[in-house]
Amino acid sequence: MAKKSNFITLKPVESSSLYLRRMEEKTKQGVNTSDVDELEELMLNINSYDVRKTNENEPITKIPHSLNLVGFHDDRTNTDVNIAPKLPARNLKPNTNVSDMYKNTQCVRCDYGFEPHEKIVNTNGELWHPQCFVCAQCFRAFPEGIFYEFEGRKYCEHDFQMLFAPCCGRCGEFIIGRVIKAMNANWHPKCFLCEMCDKELADQGFIRHQNKALCHDCNARAKAASLGKHVCHKCHSMIDDRPLRFRGEVYHPYHFNCSSCGIELNADAREVKSRPGFTANEMNELYCLRCHDKMGIPICGACRRPIEERVVTALGKHFHVEHFVCAKCEKPFLGNRHYEKKGLAYCETHYHQLFGNLCFVCNQVIGGDVFTALNKAWCVHHFACSVCDTKMSQKTKFYEFDLKPTCKKCFDKFPAELRKRLKKAYEANPKKNSAAN
Amino acid sequence: MSKVRKIIDEAKESKNPELDLVDKGISSFDEIPSLLTMLNLTRITLTHNRISVVTPALANLTNLEILNLFNNQIEELPTSLSSMPKLRILNLGMNKLSALPRGFGAFPVLEVLDLTYNNLNENSLPGNFFMIETLRALYLGDNDFENIPPEIGHLKNLQILVLRDNDLVQLPKEIGELARLRELHIQGNRLSVLPPELGNLDLTSNKSVIRMENNPWVAPIADQLQVGISHVVDYLRSETYKFVYGRHVSANAPAPPRLSERTKKSSKPKP
Ligand SMILES: [Zn+2]
Ligand SMILES: [Zn+2]
Ligand SMILES: [Zn+2]
Ligand SMILES: [Zn+2]
Ligand SMILES: [Zn+2]
Ligand SMILES: [Zn+2]
Ligand SMILES: [Zn+2]
Ligand SMILES: [Zn+2]
């Protein structure tokens, strides 16, 4: 359990002004205030007041009803104090003599008597003209026969809620039934939720953390986070020392043992994929550092530390994904295409910036295969004889003419004197003019 | 001729935007009139034909990016070519051009201009020739230039400059402003010195080429060239060379004589 100081208790029923006002009224009427059963009166819900005369000797009224209760919380037990509803004692006393009833009774509201065969409303033994059985606030009949009795007056649902019922701090709707009073507001039980995980807090209690209502687990997590620590996914308490990461969660290392030698683990333990290249981390296993090192785990070519997660293999080395970076801008490739040159890897931008692999013809960065020759590069589509535009392959023999490739057919069509000059220049400088390759 | 028509018809049908008419004996665009209706074409290659006149209507092919007229008999070009909105590569090598039309430098996106093996010199160029700022390669080998106008410094995107086998007696110092130049061919000319500004260029990296053989270099340059190009470039950057160059220019020595073997160039008009 969390410390007392963090535990905000739900307020006792006595702190409800509604309750107090009601109790005051009851006291005036000489009703025992400790009788919690009386709470049920607060929200008497009569579904219908259908009155009909069936037989001279039979009771003429039938008032089906149900009861709803307003619940208050007790701070010590944190549970409802309401007791199962009882029917009011005065409810529905059957009249054995109909004519007696007419003679001796009058409408509670207008004090006039009832005419024979006139419809009568009977609630808890009180009799009313139907036109007198109306809301104390709006003087209209009760829609669907539902009314709420408070301080001796009856109200329609709308006016009762407007005048007396609390509003939910989350949804803004009136609260009928159980009211949760917490965080200086009223809530439906379904609306009083942990601000981090949305769990209902009505029954499990809550902890105030930085003016937010949180469940116990989230409070532990929030507290740990504010201290820069983690909460163990297994025991839900804060991890004071270095945590152990395993299958995407954080734990106290001592909850686990090495998958190989069985020793209790410390934070140096390594999470290892039991199947290389398998992405689901449910396959991961934990090993102590000694057993892990014996397993031949790849070492990152950049940081020289073992690679427990995804391995990138390039340039004849292994790398952590985040350590395989462009040699120029040092941004990780993260699966993007990289270009290798002289044992270094480059991003596309910097490879082309440094090595100029733009196609000589289309002047676009060459995405696919690159033909490089004569201090130039070509994309697959544009590697062709510079004279006749006939496409060439790697195997095509060509002549060099002003550092442009020239097919044999075209070269043979050159004027003899030019061919002679080119040949002479080539022979004078065979290394520099490295032609036909 | 029906063979050519068949090729064009097939290209029309397949909507292939690249048309090859290499070595087909074509001597005039009049023989291939339907070519001018193929507005989807992006490349036309007419290498090894006998075309002498380029029809101005060719400029109506507004999608054309590559026009290859290498090894024809072209003596004159229409001005309209320069207005082609997408033309990136224009190959006019091995023709009989002795002049370029007025306003030739108006190409909006030209990147590669090949004028190798023609009869051009500095007087053949229209005033706006060096306004083609998009140019990244300029091939002027096997022509008759004795001088290159200083306006060449405007070609800020130039990466390749070929002046091989001309009659150049000097280079403008503005070549030193072509910061992106990585290929310079000046072999086979009448150069004895180079402007020290050439030392500004990065011509010794493994991505760069400078060819300068076959010139009547002053002794210190010739000596460095014996050891290697990088030594020449280092020498051009030295204070010693600036002094040598200054003295050479002020001496105003007569240009070295023409080399004899190029006078037989086949594109030369027959005397
Ligand atoms: Zn009402
Ligand atoms: Zn609510
Ligand atoms: Zn734990
Ligand atoms: Zn172990
Ligand atoms: Zn690493
Ligand atoms: Zn980069
Ligand atoms: Zn290309
Ligand atoms: Zn060819």
# chains A, B, ... in the order shown; residues from 1 in each chain; ligands from 1

$ residues_near_ligand --ligand "ligand 4" --cutoff "9 Å" --atoms "only C-alpha atoms and all ligand atoms" --output "list in words"
Asn257, Cys258, Ser259, Ser260, Cys261, Gly262, Ile263, Glu264, Leu265, Ala269, Leu286, Tyr287, Cys288, Leu289, Arg290, Cys291 and His292 of chain A

$ closest_atom_pairs --of "chain A" --to "ligand 8" --cutoff "9 Å" --atoms "only C-alpha atoms and all ligand atoms" --output "tab-separated table"
residue	atom	partner	partner_atom_place_in_ligand_line	distance
A:Ala384	CA	ligand 8	1 (Zn)	7.7
A:Cys385	CA	ligand 8	1 (Zn)	4.5
A:Ser386	CA	ligand 8	1 (Zn)	6.4
A:Val387	CA	ligand 8	1 (Zn)	4.8
A:Cys388	CA	ligand 8	1 (Zn)	4.0
A:Asp389	CA	ligand 8	1 (Zn)	6.2
A:Thr390	CA	ligand 8	1 (Zn)	5.9
A:Lys391	CA	ligand 8	1 (Zn)	8.7
A:Phe398	CA	ligand 8	1 (Zn)	8.7
A:Pro405	CA	ligand 8	1 (Zn)	8.3
A:Thr406	CA	ligand 8	1 (Zn)	5.4
A:Cys407	CA	ligand 8	1 (Zn)	4.2
A:Lys408	CA	ligand 8	1 (Zn)	6.7
A:Lys409	CA	ligand 8	1 (Zn)	5.8
A:Cys410	CA	ligand 8	1 (Zn)	4.3
A:Phe411	CA	ligand 8	1 (Zn)	7.2

$ write_last_selection --atoms "C-alpha atoms" --output "PDB file, in the first residue's frame"
ATOM      1  CA  ALA A 384      25.417   4.245 -74.621  1.00  0.00           C
ATOM      2  CA  CYS A 385      27.784   5.218 -77.406  1.00  0.00           C
ATOM      3  CA  SER A 386      28.162   8.996 -77.201  1.00  0.00           C
ATOM      4  CA  VAL A 387      28.137   9.262 -80.971  1.00  0.00           C
ATOM      5  CA  CYS A 388      25.213   7.049 -82.081  1.00  0.00           C
ATOM      6  CA  ASP A 389      23.356   6.596 -78.743  1.00  0.00           C
ATOM      7  CA  THR A 390      23.408   2.795 -79.134  1.00  0.00           C
ATOM      8  CA  LYS A 391      23.110   1.183 -75.718  1.00  0.00           C
ATOM      9  CA  PHE A 398      34.383   0.944 -76.664  1.00  0.00           C
ATOM     10  CA  PRO A 405      32.573   6.169 -74.803  1.00  0.00           C
ATOM     11  CA  THR A 406      32.455   5.569 -78.538  1.00  0.00           C
ATOM     12  CA  CYS A 407      31.422   2.281 -80.087  1.00  0.00           C
ATOM     13  CA  LYS A 408      33.702   0.589 -82.617  1.00  0.00           C
ATOM     14  CA  LYS A 409      31.235   1.133 -85.451  1.00  0.00           C
ATOM     15  CA  CYS A 410      31.298   4.880 -84.865  1.00  0.00           C
ATOM     16  CA  PHE A 411      35.031   5.036 -84.285  1.00  0.00           C
TER      17      PHE A 411
END

$ interface_residues --of "chain B" --to "chain A" --cutoff "7 Å" --atoms "only C-alpha atoms" --output "PyMOL selection string"
chain B and resi 22+45+47+70+207+266

$ residues_near_ligand --ligand "ligand 1" --cutoff "12 Å" --atoms "only C-alpha atoms and all ligand atoms" --output "PyMOL selection string"
chain A and resi 133-143+145-149+153-163

$ write_last_selection --atoms "N, CA, C and O atoms" --output "short mmCIF file (atom, residue, chain, number, x, y, z; two decimals), in the first residue's frame"
data_model
loop_
_atom_site.label_atom_id
_atom_site.label_comp_id
_atom_site.auth_asym_id
_atom_site.auth_seq_id
_atom_site.Cartn_x
_atom_site.Cartn_y
_atom_site.Cartn_z
N PHE A 133 -51.69 15.99 -8.71
CA PHE A 133 -50.48 15.20 -8.52
C PHE A 133 -49.45 15.65 -9.55
O PHE A 133 -49.27 15.08 -10.62
N VAL A 134 -48.79 16.80 -9.23
CA VAL A 134 -47.88 17.43 -10.20
C VAL A 134 -46.59 17.82 -9.50
O VAL A 134 -46.50 17.85 -8.27
N CYS A 135 -45.62 18.16 -10.31
CA CYS A 135 -44.30 18.57 -9.83
C CYS A 135 -44.42 19.86 -9.02
O CYS A 135 -45.09 20.81 -9.44
N ALA A 136 -43.76 19.91 -7.85
CA ALA A 136 -43.82 21.08 -6.99
C ALA A 136 -43.15 22.28 -7.61
O ALA A 136 -43.35 23.41 -7.18
N GLN A 137 -42.35 22.05 -8.60
CA GLN A 137 -41.63 23.16 -9.21
C GLN A 137 -42.31 23.68 -10.48
O GLN A 137 -42.55 24.86 -10.63
N CYS A 138 -42.70 22.75 -11.37
CA CYS A 138 -43.21 23.20 -12.66
C CYS A 138 -44.72 22.98 -12.82
O CYS A 138 -45.29 23.38 -13.81
N PHE A 139 -45.32 22.33 -11.80
CA PHE A 139 -46.77 22.10 -11.79
C PHE A 139 -47.25 21.31 -12.99
O PHE A 139 -48.37 21.43 -13.43
N ARG A 140 -46.40 20.50 -13.53
CA ARG A 140 -46.84 19.63 -14.61
C ARG A 140 -46.85 18.20 -14.13
O ARG A 140 -46.19 17.85 -13.15
N ALA A 141 -47.61 17.38 -14.84
CA ALA A 141 -47.67 15.96 -14.49
C ALA A 141 -46.29 15.35 -14.63
O ALA A 141 -45.45 15.86 -15.36
N PHE A 142 -46.08 14.27 -13.88
CA PHE A 142 -44.76 13.65 -13.91
C PHE A 142 -44.63 12.81 -15.16
O PHE A 142 -45.40 11.86 -15.34
N PRO A 143 -43.68 13.11 -16.01
CA PRO A 143 -43.52 12.30 -17.23
C PRO A 143 -43.28 10.85 -16.85
O PRO A 143 -42.46 10.56 -15.97
N GLY A 145 -44.74 9.07 -15.04
CA GLY A 145 -45.07 8.78 -13.65
C GLY A 145 -43.90 8.76 -12.70
O GLY A 145 -44.01 8.35 -11.55
N ILE A 146 -42.74 9.19 -13.18
CA ILE A 146 -41.57 9.15 -12.32
C ILE A 146 -41.46 10.47 -11.58
O ILE A 146 -41.48 11.54 -12.17
N PHE A 147 -41.37 10.36 -10.23
CA PHE A 147 -41.13 11.58 -9.48
C PHE A 147 -40.13 11.30 -8.38
O PHE A 147 -39.82 10.17 -8.05
N TYR A 148 -39.60 12.38 -7.86
CA TYR A 148 -38.62 12.31 -6.78
C TYR A 148 -39.16 13.11 -5.62
O TYR A 148 -39.65 14.23 -5.80
N GLU A 149 -39.08 12.52 -4.42
CA GLU A 149 -39.62 13.20 -3.27
C GLU A 149 -38.45 13.74 -2.47
O GLU A 149 -37.46 13.04 -2.22
N ARG A 153 -41.69 17.39 -0.69
CA ARG A 153 -42.27 17.79 -1.96
C ARG A 153 -41.87 16.79 -3.03
O ARG A 153 -40.85 16.12 -2.92
N LYS A 154 -42.72 16.76 -4.08
CA LYS A 154 -42.45 15.85 -5.19
C LYS A 154 -42.05 16.67 -6.41
O LYS A 154 -42.65 17.69 -6.71
N TYR A 155 -41.00 16.15 -7.11
CA TYR A 155 -40.48 16.87 -8.28
C TYR A 155 -40.39 15.92 -9.47
O TYR A 155 -40.13 14.73 -9.31
N CYS A 156 -40.57 16.49 -10.65
CA CYS A 156 -40.31 15.69 -11.85
C CYS A 156 -38.80 15.46 -11.93
O CYS A 156 -38.01 16.14 -11.27
N GLU A 157 -38.41 14.51 -12.75
CA GLU A 157 -37.00 14.15 -12.82
C GLU A 157 -36.15 15.36 -13.19
O GLU A 157 -35.12 15.64 -12.60
N HIS A 158 -36.63 16.12 -14.17
CA HIS A 158 -35.87 17.28 -14.63
C HIS A 158 -35.64 18.29 -13.51
O HIS A 158 -34.51 18.69 -13.25
N ASP A 159 -36.68 18.65 -12.82
CA ASP A 159 -36.52 19.68 -11.80
C ASP A 159 -35.77 19.16 -10.60
O ASP A 159 -35.01 19.89 -9.97
N PHE A 160 -35.96 17.85 -10.29
CA PHE A 160 -35.21 17.31 -9.17
C PHE A 160 -33.71 17.38 -9.44
O PHE A 160 -32.92 17.80 -8.61
N GLN A 161 -33.37 17.03 -10.66
CA GLN A 161 -31.95 17.07 -11.00
C GLN A 161 -31.44 18.50 -11.00
O GLN A 161 -30.36 18.78 -10.50
N MET A 162 -32.24 19.41 -11.56
CA MET A 162 -31.82 20.80 -11.60
C MET A 162 -31.62 21.35 -10.20
O MET A 162 -30.70 22.12 -9.93
N LEU A 163 -32.51 20.94 -9.28
CA LEU A 163 -32.48 21.54 -7.95
C LEU A 163 -31.55 20.83 -6.98
O LEU A 163 -30.90 21.47 -6.17
#

$ residues_around --residues "Glu174 in chain B" --least-positions-apart "3" --cutoff "9 Å" --atoms "only C-alpha atoms" --output "list in words"
Pro149, Pro150, Glu151, Ile152, Gly153, His154, Leu171, Glu177, Leu178, Pro195, Glu197 and Leu198 of chain B

$ write_last_selection --atoms "N, CA, C and O atoms" --output "compact mmCIF listing (two decimals), in the first residue's frame"
# COMPACT_ATOMS: atom_id res chain seq x y z
N PRO B 149 37.18 33.58 -75.59
CA PRO B 149 36.76 34.86 -74.98
C PRO B 149 36.70 34.75 -73.45
O PRO B 149 36.33 33.70 -72.91
N PRO B 150 37.03 35.85 -72.76
CA PRO B 150 37.00 35.82 -71.29
C PRO B 150 35.62 35.54 -70.73
O PRO B 150 35.48 35.10 -69.59
N GLU B 151 34.56 35.76 -71.56
CA GLU B 151 33.18 35.51 -71.10
C GLU B 151 32.95 34.04 -70.71
O GLU B 151 31.93 33.71 -70.10
N ILE B 152 33.91 33.17 -71.04
CA ILE B 152 33.74 31.77 -70.65
C ILE B 152 33.56 31.64 -69.14
O ILE B 152 32.94 30.68 -68.65
N GLY B 153 34.05 32.64 -68.42
CA GLY B 153 33.90 32.64 -66.95
C GLY B 153 32.46 32.68 -66.49
O GLY B 153 32.15 32.37 -65.34
N HIS B 154 31.51 33.01 -67.40
CA HIS B 154 30.09 33.04 -67.04
C HIS B 154 29.49 31.65 -66.88
O HIS B 154 28.43 31.49 -66.28
N LEU B 171 45.12 30.98 -72.93
CA LEU B 171 43.84 30.74 -72.27
C LEU B 171 43.51 31.97 -71.43
O LEU B 171 44.40 32.57 -70.84
N GLU B 177 37.82 30.78 -62.94
CA GLU B 177 36.58 31.05 -62.21
C GLU B 177 35.57 29.91 -62.33
O GLU B 177 34.52 29.93 -61.68
N LEU B 178 35.88 28.93 -63.16
CA LEU B 178 34.94 27.82 -63.36
C LEU B 178 35.11 26.81 -62.22
O LEU B 178 35.75 25.77 -62.36
N PRO B 195 47.49 30.64 -67.48
CA PRO B 195 47.28 31.67 -66.46
C PRO B 195 47.40 31.06 -65.07
O PRO B 195 46.88 29.96 -64.84
N GLU B 197 45.85 31.63 -62.58
CA GLU B 197 44.51 31.44 -61.99
C GLU B 197 44.00 30.00 -62.14
O GLU B 197 43.12 29.57 -61.40
N LEU B 198 44.56 29.26 -63.10
CA LEU B 198 44.16 27.86 -63.25
C LEU B 198 44.45 27.06 -61.97
O LEU B 198 43.82 26.03 -61.72

$ residues_around --residues "range 240-255 of chain B" --least-positions-apart "5" --cutoff "7 Å" --atoms "only C-alpha atoms" --output "ChimeraX atom specification"
/B:169,193,196,235

$ write_last_selection --atoms "N, CA and C atoms" --output "PDB file, in the first residue's frame"
ATOM      1  N   VAL B 169      46.527  29.938 -78.606  1.00  0.00           N
ATOM      2  CA  VAL B 169      47.844  30.472 -78.256  1.00  0.00           C
ATOM      3  C   VAL B 169      47.861  30.932 -76.802  1.00  0.00           C
ATOM      4  N   VAL B 193      52.244  28.968 -72.078  1.00  0.00           N
ATOM      5  CA  VAL B 193      52.034  29.235 -70.644  1.00  0.00           C
ATOM      6  C   VAL B 193      50.549  29.080 -70.317  1.00  0.00           C
ATOM      7  N   PRO B 196      48.094  31.730 -64.140  1.00  0.00           N
ATOM      8  CA  PRO B 196      48.254  31.166 -62.791  1.00  0.00           C
ATOM      9  C   PRO B 196      46.913  30.894 -62.112  1.00  0.00           C
ATOM     10  N   TYR B 235      52.967  23.834 -59.379  1.00  0.00           N
ATOM     11  CA  TYR B 235      53.878  24.864 -59.903  1.00  0.00           C
ATOM     12  C   TYR B 235      53.105  26.131 -60.292  1.00  0.00           C
TER      13      TYR B 235
END

$ residues_near_ligand --ligand "ligand 6" --cutoff "8 Å" --atoms "only C-alpha atoms and all ligand atoms" --output "mmCIF file with C-alpha atoms, in the first residue's frame"
data_model
loop_
_atom_site.group_PDB
_atom_site.id
_atom_site.type_symbol
_atom_site.label_atom_id
_atom_site.label_comp_id
_atom_site.auth_asym_id
_atom_site.auth_seq_id
_atom_site.Cartn_x
_atom_site.Cartn_y
_atom_site.Cartn_z
ATOM 1 C CA VAL A 325 25.716 5.635 -40.076
ATOM 2 C CA CYS A 326 26.736 7.713 -43.088
ATOM 3 C CA ALA A 327 30.479 8.355 -42.992
ATOM 4 C CA LYS A 328 29.848 11.986 -43.900
ATOM 5 C CA CYS A 329 26.749 13.171 -41.997
ATOM 6 C CA GLU A 330 26.779 10.390 -39.335
ATOM 7 C CA LYS A 331 23.017 9.904 -39.552
ATOM 8 C CA TYR A 346 27.337 6.862 -47.221
ATOM 9 C CA CYS A 347 23.773 8.079 -47.483
ATOM 10 C CA GLU A 348 22.561 8.731 -51.016
ATOM 11 C CA THR A 349 22.945 12.501 -50.703
ATOM 12 C CA HIS A 350 26.518 12.383 -49.512
ATOM 13 C CA TYR A 351 27.595 9.542 -51.744
#

$ atom_distance --atom1 "CA of Leu422 in chain A" --atom2 "CA of Asp142 in chain B"
11.3 Å

$ closest_residue --among "A:Met183, A:Met392, A:Cys379, A:Met283" --to "ligand 7" --atoms "only C-alpha atoms and all ligand atoms"
A:Cys379

$ residues_around --residues "Gln170 in chain B" --least-positions-apart "6" --cutoff "9 Å" --atoms "only C-alpha atoms" --output "list in words"
Glu146, Asn147, Ile148, Arg190, Leu191, Ser192, Val193, Leu194, Pro195 and Ala255 of chain B

$ write_last_selection --atoms "all heavy atoms" --output "mmCIF file, in the first residue's frame"
data_model
loop_
_atom_site.group_PDB
_atom_site.id
_atom_site.type_symbol
_atom_site.label_atom_id
_atom_site.label_comp_id
_atom_site.auth_asym_id
_atom_site.auth_seq_id
_atom_site.Cartn_x
_atom_site.Cartn_y
_atom_site.Cartn_z
ATOM 1 N N GLU B 146 41.842 30.277 -81.771
ATOM 2 C CA GLU B 146 43.156 30.747 -81.345
ATOM 3 C C GLU B 146 43.059 31.355 -79.952
ATOM 4 O O GLU B 146 44.001 31.359 -79.188
ATOM 5 C CB GLU B 146 43.700 31.794 -82.338
ATOM 6 C CG GLU B 146 44.093 31.176 -83.672
ATOM 7 C CD GLU B 146 44.986 32.084 -84.514
ATOM 8 O OE1 GLU B 146 45.336 33.184 -84.046
ATOM 9 O OE2 GLU B 146 45.304 31.676 -85.638
ATOM 10 N N ASN B 147 41.874 31.880 -79.669
ATOM 11 C CA ASN B 147 41.624 32.468 -78.354
ATOM 12 C C ASN B 147 40.240 32.037 -77.874
ATOM 13 O O ASN B 147 39.349 31.757 -78.682
ATOM 14 C CB ASN B 147 41.666 33.993 -78.426
ATOM 15 C CG ASN B 147 43.099 34.492 -78.523
ATOM 16 O OD1 ASN B 147 43.853 34.446 -77.563
ATOM 17 N ND2 ASN B 147 43.476 34.944 -79.716
ATOM 18 N N ILE B 148 40.095 32.018 -76.561
ATOM 19 C CA ILE B 148 38.784 31.768 -75.958
ATOM 20 C C ILE B 148 38.373 33.067 -75.272
ATOM 21 O O ILE B 148 39.142 33.613 -74.475
ATOM 22 C CB ILE B 148 38.865 30.618 -74.927
ATOM 23 C CG1 ILE B 148 39.215 29.291 -75.629
ATOM 24 C CG2 ILE B 148 37.567 30.479 -74.132
ATOM 25 C CD1 ILE B 148 38.157 28.765 -76.575
ATOM 26 N N ARG B 190 48.677 25.471 -79.171
ATOM 27 C CA ARG B 190 49.958 26.185 -79.294
ATOM 28 C C ARG B 190 50.249 26.968 -78.019
ATOM 29 O O ARG B 190 50.791 28.064 -78.050
ATOM 30 C CB ARG B 190 49.884 27.150 -80.496
ATOM 31 C CG ARG B 190 49.788 26.403 -81.834
ATOM 32 C CD ARG B 190 49.064 27.219 -82.886
ATOM 33 N NE ARG B 190 49.813 28.404 -83.277
ATOM 34 C CZ ARG B 190 49.268 29.433 -83.948
ATOM 35 N NH1 ARG B 190 47.977 29.406 -84.264
ATOM 36 N NH2 ARG B 190 49.996 30.478 -84.276
ATOM 37 N N LEU B 191 49.880 26.352 -76.901
ATOM 38 C CA LEU B 191 50.038 27.026 -75.615
ATOM 39 C C LEU B 191 51.458 26.863 -75.086
ATOM 40 O O LEU B 191 52.029 25.767 -75.130
ATOM 41 C CB LEU B 191 49.051 26.430 -74.597
ATOM 42 C CG LEU B 191 47.567 26.587 -74.933
ATOM 43 C CD1 LEU B 191 46.716 25.696 -74.020
ATOM 44 C CD2 LEU B 191 47.147 28.042 -74.787
ATOM 45 N N SER B 192 52.023 27.974 -74.593
ATOM 46 C CA SER B 192 53.334 27.870 -73.953
ATOM 47 C C SER B 192 53.253 28.177 -72.457
ATOM 48 O O SER B 192 54.067 27.703 -71.678
ATOM 49 C CB SER B 192 54.344 28.804 -74.637
ATOM 50 O OG SER B 192 53.772 30.091 -74.797
ATOM 51 N N VAL B 193 52.244 28.968 -72.078
ATOM 52 C CA VAL B 193 52.034 29.235 -70.644
ATOM 53 C C VAL B 193 50.549 29.080 -70.317
ATOM 54 O O VAL B 193 49.697 29.054 -71.211
ATOM 55 C CB VAL B 193 52.479 30.668 -70.249
ATOM 56 C CG1 VAL B 193 54.001 30.804 -70.298
ATOM 57 C CG2 VAL B 193 51.811 31.709 -71.149
ATOM 58 N N LEU B 194 50.275 28.982 -69.044
ATOM 59 C CA LEU B 194 48.889 28.916 -68.561
ATOM 60 C C LEU B 194 48.691 30.042 -67.552
ATOM 61 O O LEU B 194 49.619 30.369 -66.808
ATOM 62 C CB LEU B 194 48.639 27.572 -67.866
ATOM 63 C CG LEU B 194 48.534 26.349 -68.784
ATOM 64 C CD1 LEU B 194 48.543 25.068 -67.949
ATOM 65 C CD2 LEU B 194 47.259 26.427 -69.622
ATOM 66 N N PRO B 195 47.491 30.640 -67.482
ATOM 67 C CA PRO B 195 47.280 31.670 -66.462
ATOM 68 C C PRO B 195 47.404 31.056 -65.066
ATOM 69 O O PRO B 195 46.876 29.956 -64.837
ATOM 70 C CB PRO B 195 45.857 32.165 -66.727
ATOM 71 C CG PRO B 195 45.199 31.108 -67.534
ATOM 72 C CD PRO B 195 46.288 30.405 -68.294
ATOM 73 N N ALA B 255 53.559 34.012 -81.156
ATOM 74 C CA ALA B 255 52.924 32.730 -80.886
ATOM 75 C C ALA B 255 53.661 31.620 -81.614
ATOM 76 O O ALA B 255 54.171 31.836 -82.721
ATOM 77 C CB ALA B 255 51.473 32.776 -81.340
#

$ residues_around --residues "range 226-230 of chain A" --least-positions-apart "6" --cutoff "8 Å" --atoms "only C-alpha atoms" --output "list in words"
Met238, Ile239, Asp240, Pro243 and Val250 of chain A
